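J.: My file is query30.csv. It has CSV, C-alpha atoms:
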```
chain,number,residue,atom,x,y,z
A,1004,MET,CA,162.3,215.9,190.6
A,1005,THR,CA,158.9,217.2,189.5
A,1006,ARG,CA,159.5,220.9,188.8
A,1007,GLY,CA,157.8,220.8,185.5
A,1008,ARG,CA,154.4,220.2,187.0
A,1009,ALA,CA,155.0,223.2,189.3
A,1010,GLN,CA,154.4,225.6,186.5
A,1011,ASP,CA,150.7,224.9,187.1
A,1012,PRO,CA,150.3,226.5,190.5
A,1013,ASN,CA,147.3,224.4,191.2
A,1014,VAL,CA,149.5,221.4,191.5
A,1015,CYS,CA,152.5,223.1,193.0
A,1016,GLY,CA,154.4,220.8,195.3
A,1017,VAL,CA,155.8,223.7,197.3
A,1018,THR,CA,152.3,225.1,198.0
A,1019,ALA,CA,151.1,221.6,199.0
A,1020,ALA,CA,154.0,221.3,201.4
A,1021,ILE,CA,153.8,224.8,202.9
A,1022,ALA,CA,150.1,224.2,203.5
A,1023,VAL,CA,150.9,221.8,206.3
A,1024,ILE,CA,153.5,224.0,208.0
A,1025,ASP,CA,151.6,227.3,208.1
A,1026,GLY,CA,151.5,229.2,211.3
A,1027,LYS,CA,154.7,229.9,213.2
A,1028,TRP,CA,155.0,226.8,215.3
A,1029,LYS,CA,154.8,223.7,213.1
A,1030,THR,CA,158.3,223.8,211.7
A,1031,ALA,CA,159.6,224.3,215.3
A,1032,LEU,CA,157.5,221.3,216.4
A,1033,LEU,CA,158.8,219.1,213.6
A,1034,TRP,CA,162.3,219.9,214.7
A,1035,ALA,CA,161.6,219.4,218.4
A,1036,LEU,CA,160.2,216.0,217.6
A,1037,GLU,CA,163.3,215.0,215.5
A,1038,SER,CA,165.1,213.9,218.7
A,1039,GLY,CA,162.4,211.4,219.5
A,1040,PRO,CA,158.9,211.2,221.0
A,1041,HIS,CA,157.8,214.0,223.4
A,1042,ARG,CA,155.0,214.6,225.8
A,1043,PRO,CA,153.0,217.8,225.3
A,1044,GLY,CA,154.4,219.3,228.5
A,1045,GLU,CA,157.9,218.7,227.2
A,1046,LEU,CA,157.1,220.5,223.9
A,1047,LEU,CA,155.8,223.5,225.8
A,1048,ARG,CA,159.0,223.7,227.8
A,1049,LEU,CA,161.1,223.3,224.6
A,1050,LEU,CA,159.2,226.1,222.8
A,1051,PRO,CA,158.8,229.1,225.1
A,1052,GLY,CA,155.9,231.3,223.9
A,1053,LEU,CA,153.9,228.4,222.6
A,1054,SER,CA,150.5,228.2,224.4
A,1055,GLU,CA,148.8,224.9,225.3
A,1056,LYS,CA,145.9,225.8,223.1
A,1057,VAL,CA,148.0,226.5,220.0
A,1058,LEU,CA,150.1,223.4,220.7
A,1059,THR,CA,146.9,221.2,220.9
A,1060,GLN,CA,145.6,222.6,217.7
A,1061,ALA,CA,148.9,222.3,215.8
A,1062,LEU,CA,149.4,218.7,216.9
A,1063,ARG,CA,145.9,217.8,215.9
A,1064,GLU,CA,146.4,219.2,212.4
A,1065,MET,CA,149.8,217.6,212.1
A,1066,GLU,CA,148.3,214.3,213.0
A,1067,THR,CA,145.5,214.7,210.4
A,1068,ASP,CA,148.2,215.6,207.9
A,1069,GLY,CA,150.1,212.4,208.7
A,1070,LEU,CA,153.1,214.2,210.1
A,1071,VAL,CA,152.9,213.1,213.7
A,1072,HIS,CA,151.7,210.0,215.5
A,1073,ARG,CA,150.0,210.2,218.9
A,1074,GLU,CA,150.5,207.3,221.3
A,1075,VAL,CA,148.6,206.9,224.5
A,1076,HIS,CA,150.6,204.6,226.9
A,1077,ASP,CA,148.4,202.4,229.0
A,1078,VAL,CA,149.7,203.4,232.4
A,1079,LEU,CA,148.2,205.5,235.1
A,1080,PRO,CA,148.3,208.5,234.9
A,1081,LEU,CA,147.8,208.1,231.1
A,1082,LYS,CA,150.8,209.2,229.3
A,1083,THR,CA,150.5,210.7,225.8
A,1084,GLU,CA,153.4,211.0,223.5
A,1085,TYR,CA,153.8,212.5,220.0
A,1086,SER,CA,156.4,211.3,217.5
A,1087,LEU,CA,157.2,212.0,213.9
A,1088,THR,CA,155.9,209.6,211.3
A,1089,ALA,CA,158.2,208.7,208.4
A,1090,PHE,CA,156.3,211.1,206.3
A,1091,GLY,CA,156.8,213.9,208.9
A,1092,ARG,CA,160.5,213.1,209.2
A,1093,ASP,CA,160.9,213.3,205.4
A,1094,LEU,CA,159.2,216.8,205.5
A,1095,SER,CA,161.6,217.9,208.2
A,1096,GLU,CA,164.5,216.8,206.1
A,1097,ALA,CA,163.1,218.5,203.0
A,1098,LEU,CA,162.8,221.7,205.0
A,1099,ALA,CA,166.4,221.8,206.1
A,1100,PRO,CA,167.9,223.3,202.9
A,1101,LEU,CA,165.2,225.9,202.9
A,1102,SER,CA,165.9,226.8,206.5
A,1103,ASP,CA,169.6,227.2,205.7
A,1104,TRP,CA,168.7,229.5,202.8
A,1105,GLY,CA,166.4,231.5,205.0
A,1106,HIS,CA,169.1,232.0,207.6
A,1107,ARG,CA,171.4,233.3,204.8
A,1108,ARG,CA,168.6,235.7,203.9
A,1109,LEU,CA,168.3,236.9,207.5
A,1110,ASP,CA,172.1,237.4,207.6
A,1111,ARG,CA,171.9,239.5,204.4
A,1112,LEU,CA,169.1,241.6,205.8
A,1113,ALA,CA,171.0,242.2,209.0
A,1114,GLU,CA,174.1,243.2,207.1
A,1115,ALA,CA,172.1,245.6,204.9
A,1116,GLN,CA,170.6,247.1,208.0
A,1117,SER,CA,173.9,247.6,209.7
A,1118,ALA,CA,175.4,249.2,206.6
A,1119,SER,CA,172.6,251.7,206.2
B,263,MET,CA,172.4,223.1,209.3
B,264,THR,CA,170.9,225.6,211.7
B,265,ARG,CA,167.8,223.9,213.0
B,266,GLY,CA,168.5,224.7,216.6
B,267,ARG,CA,167.9,228.4,216.0
B,268,ALA,CA,164.6,227.6,214.4
B,269,GLN,CA,163.0,226.8,217.8
B,270,ASP,CA,162.7,230.6,218.2
B,271,PRO,CA,160.1,231.2,215.5
B,272,ASN,CA,161.2,234.8,215.2
B,273,VAL,CA,164.5,233.7,213.6
B,274,CYS,CA,163.0,230.8,211.8
B,275,GLY,CA,164.9,230.3,208.5
B,276,VAL,CA,161.9,228.5,206.9
B,277,THR,CA,159.7,231.5,207.6
B,278,ALA,CA,162.3,233.9,206.2
B,279,ALA,CA,162.5,231.8,203.1
B,280,ILE,CA,158.7,231.4,202.6
B,281,ALA,CA,158.3,235.1,203.0
B,282,VAL,CA,159.9,235.7,199.6
B,283,ILE,CA,157.9,233.1,197.7
B,284,ASP,CA,154.5,233.9,199.0
B,285,GLY,CA,151.7,234.2,196.5
B,286,LYS,CA,151.1,231.5,193.9
B,287,TRP,CA,153.5,232.5,191.2
B,288,LYS,CA,156.9,233.1,192.5
B,289,THR,CA,158.0,229.5,192.8
B,290,ALA,CA,156.8,229.0,189.2
B,291,LEU,CA,158.8,232.0,188.1
B,292,LEU,CA,161.9,230.8,189.9
B,293,TRP,CA,161.6,227.5,188.0
B,294,ALA,CA,160.8,229.2,184.7
B,295,LEU,CA,163.9,231.3,185.0
B,296,GLU,CA,166.1,228.3,185.8
B,297,SER,CA,166.5,227.6,182.1
B,298,GLY,CA,168.0,231.0,181.5
B,299,PRO,CA,167.1,234.7,181.1
B,300,HIS,CA,163.5,235.4,179.9
B,301,ARG,CA,161.6,238.5,178.7
B,302,PRO,CA,158.4,239.3,180.5
B,303,GLY,CA,156.4,238.2,177.4
B,304,GLU,CA,158.0,234.8,177.4
B,305,LEU,CA,157.2,234.4,181.1
B,306,LEU,CA,153.5,235.2,180.4
B,307,ARG,CA,153.4,232.6,177.7
B,308,LEU,CA,155.1,230.0,179.9
B,309,LEU,CA,152.7,230.6,182.8
B,310,PRO,CA,149.1,230.6,181.6
B,311,GLY,CA,146.8,232.4,184.0
B,312,LEU,CA,149.5,234.8,185.1
B,313,SER,CA,148.5,238.4,184.4
B,314,GLU,CA,150.9,241.1,183.3
B,315,LYS,CA,150.1,243.1,186.4
B,316,VAL,CA,150.8,240.3,188.8
B,317,LEU,CA,154.0,239.4,186.9
B,318,THR,CA,155.3,242.9,187.1
B,319,GLN,CA,154.6,243.1,190.8
B,320,ALA,CA,156.2,239.6,191.5
B,321,LEU,CA,159.3,240.4,189.5
B,322,ARG,CA,159.7,243.7,191.2
B,323,GLU,CA,159.5,242.1,194.6
B,324,MET,CA,161.8,239.3,193.6
B,325,GLU,CA,164.4,241.9,192.4
B,326,THR,CA,164.1,243.7,195.8
B,327,ASP,CA,164.6,240.4,197.5
B,328,GLY,CA,167.8,239.7,195.5
B,329,LEU,CA,166.3,236.7,193.6
B,330,VAL,CA,166.2,238.0,190.1
B,331,HIS,CA,168.3,240.4,188.1
B,332,ARG,CA,166.8,242.8,185.5
B,333,GLU,CA,168.8,243.7,182.5
B,334,VAL,CA,167.8,246.2,179.9
B,335,HIS,CA,169.7,245.6,176.7
B,336,ASP,CA,170.6,248.8,174.9
B,337,VAL,CA,169.0,248.1,171.6
B,338,LEU,CA,165.8,249.5,170.0
B,339,PRO,CA,163.2,248.5,170.8
B,340,LEU,CA,164.5,248.2,174.4
B,341,LYS,CA,164.7,244.6,175.4
B,342,THR,CA,164.3,243.7,179.1
B,343,GLU,CA,165.3,240.3,180.4
B,344,TYR,CA,165.1,238.8,183.8
B,345,SER,CA,167.5,236.1,185.1
B,346,LEU,CA,168.1,234.4,188.4
B,347,THR,CA,170.8,235.7,190.7
B,348,ALA,CA,173.0,233.1,192.4
B,349,PHE,CA,171.0,233.7,195.5
B,350,GLY,CA,167.8,233.0,193.6
B,351,ARG,CA,169.2,229.9,192.1
B,352,ASP,CA,170.2,228.7,195.5
B,353,LEU,CA,166.6,229.2,196.7
B,354,SER,CA,165.3,227.3,193.7
B,355,GLU,CA,167.5,224.4,194.5
B,356,ALA,CA,166.6,224.5,198.2
B,357,LEU,CA,162.9,224.3,197.2
B,358,ALA,CA,163.3,221.2,195.1
B,359,PRO,CA,163.1,218.7,198.0
B,360,LEU,CA,160.1,220.5,199.4
B,361,SER,CA,158.4,220.4,196.1
B,362,ASP,CA,159.0,216.6,195.8
B,363,TRP,CA,157.6,216.1,199.3
B,364,GLY,CA,154.6,218.2,198.4
B,365,HIS,CA,153.9,216.1,195.3
B,366,ARG,CA,154.0,213.0,197.5
B,367,ARG,CA,151.4,214.7,199.7
B,368,LEU,CA,149.2,215.5,196.7
B,369,ASP,CA,149.5,211.9,195.6
B,370,ARG,CA,148.5,210.7,199.1
B,371,LEU,CA,145.5,213.0,199.1
B,372,ALA,CA,144.4,211.8,195.7
B,373,GLU,CA,144.7,208.2,196.8
B,374,ALA,CA,142.7,208.8,200.0
B,375,GLN,CA,140.0,210.5,198.0
B,376,SER,CA,139.7,207.7,195.5
B,377,ALA,CA,139.6,205.1,198.3
B,378,SER,CA,136.7,206.9,200.1
```
Would you write out, as structure tokens, the structure that this file holds?
T.:
Amino acid sequence: MTRGRAQDPNVCGVTAAIAVIDGKWKTALLWALESGPHRPGELLRLLPGLSEKVLTQALREMETDGLVHREVHDVLPLKTEYSLTAFGRDLSEALAPLSDWGHRRLDRLAEAQSAS
Amino acid sequence: MTRGRAQDPNVCGVTAAIAVIDGKWKTALLWALESGPHRPGELLRLLPGLSEKVLTQALREMETDGLVHREVHDVLPLKTEYSLTAFGRDLSEALAPLSDWGHRRLDRLAEAQSAS
């Protein structure tokens, strides 16, 4: 646990983590890749609303950030697959409690709205 | 665990959680308040660089979001203290693994920089 250091926001771990999942698709991509390697076309089918352009950019950034690994299989036609690195899998696991908390917040907001 | 739902980014728990800690001070405030109730002046001393104006705004938003509780003690001079709600404490705990991961990322970035 390194909460103490977080009091200096310049070395805030939370900020450093959020920086790699900004945008609305990267968390969804992390979780889609948890079940194993996927081809880009499969990811597009799993995530309706995600465009090919945004997917390409997100995967490129996630590769740079060490979250995903790109593998080109040496067959014709060339087959490209993306998988989580160990570092990316660790991030996905670290995000799970935050996701649960966020769903509790969404439930509270929905309750407050239906009560008003 | 509610990861499945996260594939629709409109109901993404992570996004709903990050929404309440945006800005650079709220995570630090959550952690400063973990040790118990604090007066605004104490928070300003604990968090060098935080201005009174930004603190006031952050605490107000965190109160609206149900993360902190404001208590005005009925003594003269009036004494105002802020404490974490149970919901705020749960968020703080949910953020801890993400903070740890972020510090690992910062360490990796520092290593890569010193190696280049």
J.: Would you kindly report the residues of chain B within 10 Å of chain A, using all atoms listed in the file, as a ChimeraX atom specification?
T.: /B:263-294,308-312,327-328,349-350,352-368,370-371
J.: Least-squares align chain A to chain B using all Cα atoms paired by position, then dump the moved coordinates as a PDB file with C-alpha atoms, in the frame of the given file.
T.:
```
ATOM      1  CA  MET A1004     172.515 223.164 209.350  1.00  0.00           C
ATOM      2  CA  THR A1005     170.916 225.703 211.686  1.00  0.00           C
ATOM      3  CA  ARG A1006     167.811 223.927 213.005  1.00  0.00           C
ATOM      4  CA  GLY A1007     168.533 224.778 216.547  1.00  0.00           C
ATOM      5  CA  ARG A1008     167.923 228.457 216.039  1.00  0.00           C
ATOM      6  CA  ALA A1009     164.569 227.572 214.420  1.00  0.00           C
ATOM      7  CA  GLN A1010     163.048 226.800 217.744  1.00  0.00           C
ATOM      8  CA  ASP A1011     162.738 230.580 218.136  1.00  0.00           C
ATOM      9  CA  PRO A1012     160.146 231.278 215.476  1.00  0.00           C
ATOM     10  CA  ASN A1013     161.256 234.830 215.244  1.00  0.00           C
ATOM     11  CA  VAL A1014     164.422 233.709 213.617  1.00  0.00           C
ATOM     12  CA  CYS A1015     163.025 230.777 211.720  1.00  0.00           C
ATOM     13  CA  GLY A1016     164.878 230.196 208.492  1.00  0.00           C
ATOM     14  CA  VAL A1017     161.877 228.526 206.888  1.00  0.00           C
ATOM     15  CA  THR A1018     159.625 231.543 207.611  1.00  0.00           C
ATOM     16  CA  ALA A1019     162.327 233.889 206.239  1.00  0.00           C
ATOM     17  CA  ALA A1020     162.501 231.829 203.079  1.00  0.00           C
ATOM     18  CA  ILE A1021     158.753 231.361 202.555  1.00  0.00           C
ATOM     19  CA  ALA A1022     158.349 235.112 202.970  1.00  0.00           C
ATOM     20  CA  VAL A1023     159.912 235.698 199.586  1.00  0.00           C
ATOM     21  CA  ILE A1024     157.906 233.042 197.739  1.00  0.00           C
ATOM     22  CA  ASP A1025     154.404 233.890 198.975  1.00  0.00           C
ATOM     23  CA  GLY A1026     151.657 234.177 196.479  1.00  0.00           C
ATOM     24  CA  LYS A1027     151.113 231.437 193.922  1.00  0.00           C
ATOM     25  CA  TRP A1028     153.431 232.527 191.174  1.00  0.00           C
ATOM     26  CA  LYS A1029     156.932 233.092 192.558  1.00  0.00           C
ATOM     27  CA  THR A1030     157.999 229.485 192.829  1.00  0.00           C
ATOM     28  CA  ALA A1031     156.730 228.961 189.221  1.00  0.00           C
ATOM     29  CA  LEU A1032     158.747 232.024 188.142  1.00  0.00           C
ATOM     30  CA  LEU A1033     161.908 230.799 189.839  1.00  0.00           C
ATOM     31  CA  TRP A1034     161.574 227.568 187.955  1.00  0.00           C
ATOM     32  CA  ALA A1035     160.783 229.213 184.624  1.00  0.00           C
ATOM     33  CA  LEU A1036     163.890 231.302 185.002  1.00  0.00           C
ATOM     34  CA  GLU A1037     166.105 228.221 185.788  1.00  0.00           C
ATOM     35  CA  SER A1038     166.550 227.596 182.033  1.00  0.00           C
ATOM     36  CA  GLY A1039     168.065 231.006 181.526  1.00  0.00           C
ATOM     37  CA  PRO A1040     167.062 234.665 181.140  1.00  0.00           C
ATOM     38  CA  HIS A1041     163.505 235.441 179.891  1.00  0.00           C
ATOM     39  CA  ARG A1042     161.636 238.427 178.646  1.00  0.00           C
ATOM     40  CA  PRO A1043     158.386 239.258 180.444  1.00  0.00           C
ATOM     41  CA  GLY A1044     156.328 238.264 177.407  1.00  0.00           C
ATOM     42  CA  GLU A1045     158.016 234.880 177.424  1.00  0.00           C
ATOM     43  CA  LEU A1046     157.160 234.351 181.133  1.00  0.00           C
ATOM     44  CA  LEU A1047     153.525 235.141 180.454  1.00  0.00           C
ATOM     45  CA  ARG A1048     153.417 232.567 177.689  1.00  0.00           C
ATOM     46  CA  LEU A1049     155.192 229.991 179.931  1.00  0.00           C
ATOM     47  CA  LEU A1050     152.724 230.545 182.811  1.00  0.00           C
ATOM     48  CA  PRO A1051     149.159 230.590 181.491  1.00  0.00           C
ATOM     49  CA  GLY A1052     146.859 232.383 183.977  1.00  0.00           C
ATOM     50  CA  LEU A1053     149.523 234.773 185.113  1.00  0.00           C
ATOM     51  CA  SER A1054     148.451 238.407 184.419  1.00  0.00           C
ATOM     52  CA  GLU A1055     150.892 241.138 183.336  1.00  0.00           C
ATOM     53  CA  LYS A1056     150.101 243.073 186.449  1.00  0.00           C
ATOM     54  CA  VAL A1057     150.822 240.206 188.851  1.00  0.00           C
ATOM     55  CA  LEU A1058     153.941 239.299 186.861  1.00  0.00           C
ATOM     56  CA  THR A1059     155.251 242.950 187.128  1.00  0.00           C
ATOM     57  CA  GLN A1060     154.632 243.023 190.803  1.00  0.00           C
ATOM     58  CA  ALA A1061     156.178 239.602 191.504  1.00  0.00           C
ATOM     59  CA  LEU A1062     159.304 240.418 189.508  1.00  0.00           C
ATOM     60  CA  ARG A1063     159.700 243.701 191.275  1.00  0.00           C
ATOM     61  CA  GLU A1064     159.552 242.030 194.688  1.00  0.00           C
ATOM     62  CA  MET A1065     161.850 239.255 193.579  1.00  0.00           C
ATOM     63  CA  GLU A1066     164.333 241.800 192.436  1.00  0.00           C
ATOM     64  CA  THR A1067     164.148 243.692 195.774  1.00  0.00           C
ATOM     65  CA  ASP A1068     164.630 240.348 197.487  1.00  0.00           C
ATOM     66  CA  GLY A1069     167.769 239.678 195.441  1.00  0.00           C
ATOM     67  CA  LEU A1070     166.310 236.696 193.660  1.00  0.00           C
ATOM     68  CA  VAL A1071     166.212 238.024 190.134  1.00  0.00           C
ATOM     69  CA  HIS A1072     168.303 240.440 188.113  1.00  0.00           C
ATOM     70  CA  ARG A1073     166.739 242.747 185.521  1.00  0.00           C
ATOM     71  CA  GLU A1074     168.824 243.662 182.482  1.00  0.00           C
ATOM     72  CA  VAL A1075     167.836 246.280 179.996  1.00  0.00           C
ATOM     73  CA  HIS A1076     169.680 245.629 176.645  1.00  0.00           C
ATOM     74  CA  ASP A1077     170.632 248.787 174.854  1.00  0.00           C
ATOM     75  CA  VAL A1078     168.958 248.074 171.547  1.00  0.00           C
ATOM     76  CA  LEU A1079     165.878 249.491 169.979  1.00  0.00           C
ATOM     77  CA  PRO A1080     163.168 248.496 170.824  1.00  0.00           C
ATOM     78  CA  LEU A1081     164.573 248.201 174.401  1.00  0.00           C
ATOM     79  CA  LYS A1082     164.723 244.681 175.422  1.00  0.00           C
ATOM     80  CA  THR A1083     164.313 243.727 179.097  1.00  0.00           C
ATOM     81  CA  GLU A1084     165.336 240.414 180.427  1.00  0.00           C
ATOM     82  CA  TYR A1085     165.074 238.808 183.893  1.00  0.00           C
ATOM     83  CA  SER A1086     167.489 236.157 185.152  1.00  0.00           C
ATOM     84  CA  LEU A1087     168.085 234.384 188.407  1.00  0.00           C
ATOM     85  CA  THR A1088     170.822 235.680 190.652  1.00  0.00           C
ATOM     86  CA  ALA A1089     173.014 233.130 192.441  1.00  0.00           C
ATOM     87  CA  PHE A1090     171.009 233.729 195.507  1.00  0.00           C
ATOM     88  CA  GLY A1091     167.731 233.063 193.593  1.00  0.00           C
ATOM     89  CA  ARG A1092     169.168 229.918 192.023  1.00  0.00           C
ATOM     90  CA  ASP A1093     170.204 228.615 195.468  1.00  0.00           C
ATOM     91  CA  LEU A1094     166.559 229.220 196.690  1.00  0.00           C
ATOM     92  CA  SER A1095     165.234 227.294 193.723  1.00  0.00           C
ATOM     93  CA  GLU A1096     167.500 224.427 194.546  1.00  0.00           C
ATOM     94  CA  ALA A1097     166.551 224.531 198.227  1.00  0.00           C
ATOM     95  CA  LEU A1098     162.911 224.356 197.201  1.00  0.00           C
ATOM     96  CA  ALA A1099     163.250 221.232 195.127  1.00  0.00           C
ATOM     97  CA  PRO A1100     163.130 218.671 197.985  1.00  0.00           C
ATOM     98  CA  LEU A1101     160.140 220.441 199.392  1.00  0.00           C
ATOM     99  CA  SER A1102     158.373 220.361 196.056  1.00  0.00           C
ATOM    100  CA  ASP A1103     159.022 216.621 195.781  1.00  0.00           C
ATOM    101  CA  TRP A1104     157.561 216.134 199.264  1.00  0.00           C
ATOM    102  CA  GLY A1105     154.555 218.209 198.377  1.00  0.00           C
ATOM    103  CA  HIS A1106     153.882 216.152 195.275  1.00  0.00           C
ATOM    104  CA  ARG A1107     153.998 212.997 197.478  1.00  0.00           C
ATOM    105  CA  ARG A1108     151.442 214.709 199.702  1.00  0.00           C
ATOM    106  CA  LEU A1109     149.184 215.474 196.735  1.00  0.00           C
ATOM    107  CA  ASP A1110     149.492 211.819 195.619  1.00  0.00           C
ATOM    108  CA  ARG A1111     148.455 210.669 199.125  1.00  0.00           C
ATOM    109  CA  LEU A1112     145.490 212.997 199.150  1.00  0.00           C
ATOM    110  CA  ALA A1113     144.375 211.794 195.756  1.00  0.00           C
ATOM    111  CA  GLU A1114     144.669 208.187 196.817  1.00  0.00           C
ATOM    112  CA  ALA A1115     142.672 208.856 200.005  1.00  0.00           C
ATOM    113  CA  GLN A1116     140.031 210.537 197.929  1.00  0.00           C
ATOM    114  CA  SER A1117     139.754 207.715 195.481  1.00  0.00           C
ATOM    115  CA  ALA A1118     139.512 205.150 198.270  1.00  0.00           C
ATOM    116  CA  SER A1119     136.714 206.948 200.055  1.00  0.00           C
TER     117      SER A1119
END
```
J.: How many Å separate CA of Asp369 (chain B) from CA of Glu1074 (chain A)?
T.: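 Going from CA of Asp369 (chain B) over to CA of Glu1074 (chain A), I get 26.1 Å.
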J.: Taking (155.2, 215.0, 213.0) in the file's coordinates as the center, which residues reach within 8 Å of it, counting only C-alpha atoms, put as a PyMOL selection string?
T.: chain A and resi 1032-1033+1036+1062+1065-1066+1069-1072+1085-1088+1090-1092
J.: Let's have the selection written as a CSV table (one decimal), in the frame of the given file, with C-alpha atoms.
T.:
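Okay, out11.csv is ready:
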```
chain,number,residue,atom,x,y,z
A,1032,LEU,CA,157.5,221.3,216.4
A,1033,LEU,CA,158.8,219.1,213.6
A,1036,LEU,CA,160.2,216.0,217.6
A,1062,LEU,CA,149.4,218.7,216.9
A,1065,MET,CA,149.8,217.6,212.1
A,1066,GLU,CA,148.3,214.3,213.0
A,1069,GLY,CA,150.1,212.4,208.7
A,1070,LEU,CA,153.1,214.2,210.1
A,1071,VAL,CA,152.9,213.1,213.7
A,1072,HIS,CA,151.7,210.0,215.5
A,1085,TYR,CA,153.8,212.5,220.0
A,1086,SER,CA,156.4,211.3,217.5
A,1087,LEU,CA,157.2,212.0,213.9
A,1088,THR,CA,155.9,209.6,211.3
A,1090,PHE,CA,156.3,211.1,206.3
A,1091,GLY,CA,156.8,213.9,208.9
A,1092,ARG,CA,160.5,213.1,209.2
```
J.: Hey, can you check how far CA of Arg1073 (chain A) sits from CA of Pro1040 (chain A)?
T.: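 According to the coordinates, CA of Arg1073 (chain A) and CA of Pro1040 (chain A) are separated by 9.2 Å.
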J.: Calculated over all atoms listed in the file, which of the candidates B:Arg322, B:Glu343, B:Ala348, B:Ala372 has the smallest distance to Leu305 (chain B)?
T.: B:Glu343
J.: Would you please work out which residue, of B:His335, B:Ser376, B:Ser297, B:Pro302, is nearest to Glu314 (chain B) when using all atoms listed in the file?
T.: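 Smallest separation from Glu314 (chain B) among the options: B:Pro302.
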J.: Could you jot down the CA of Arg307 (chain B) to CA of Ala320 (chain B) separation for me, Å, one decimal place?
T.: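 Result for CA of Arg307 (chain B) versus CA of Ala320 (chain B): 15.7 Å, one decimal.
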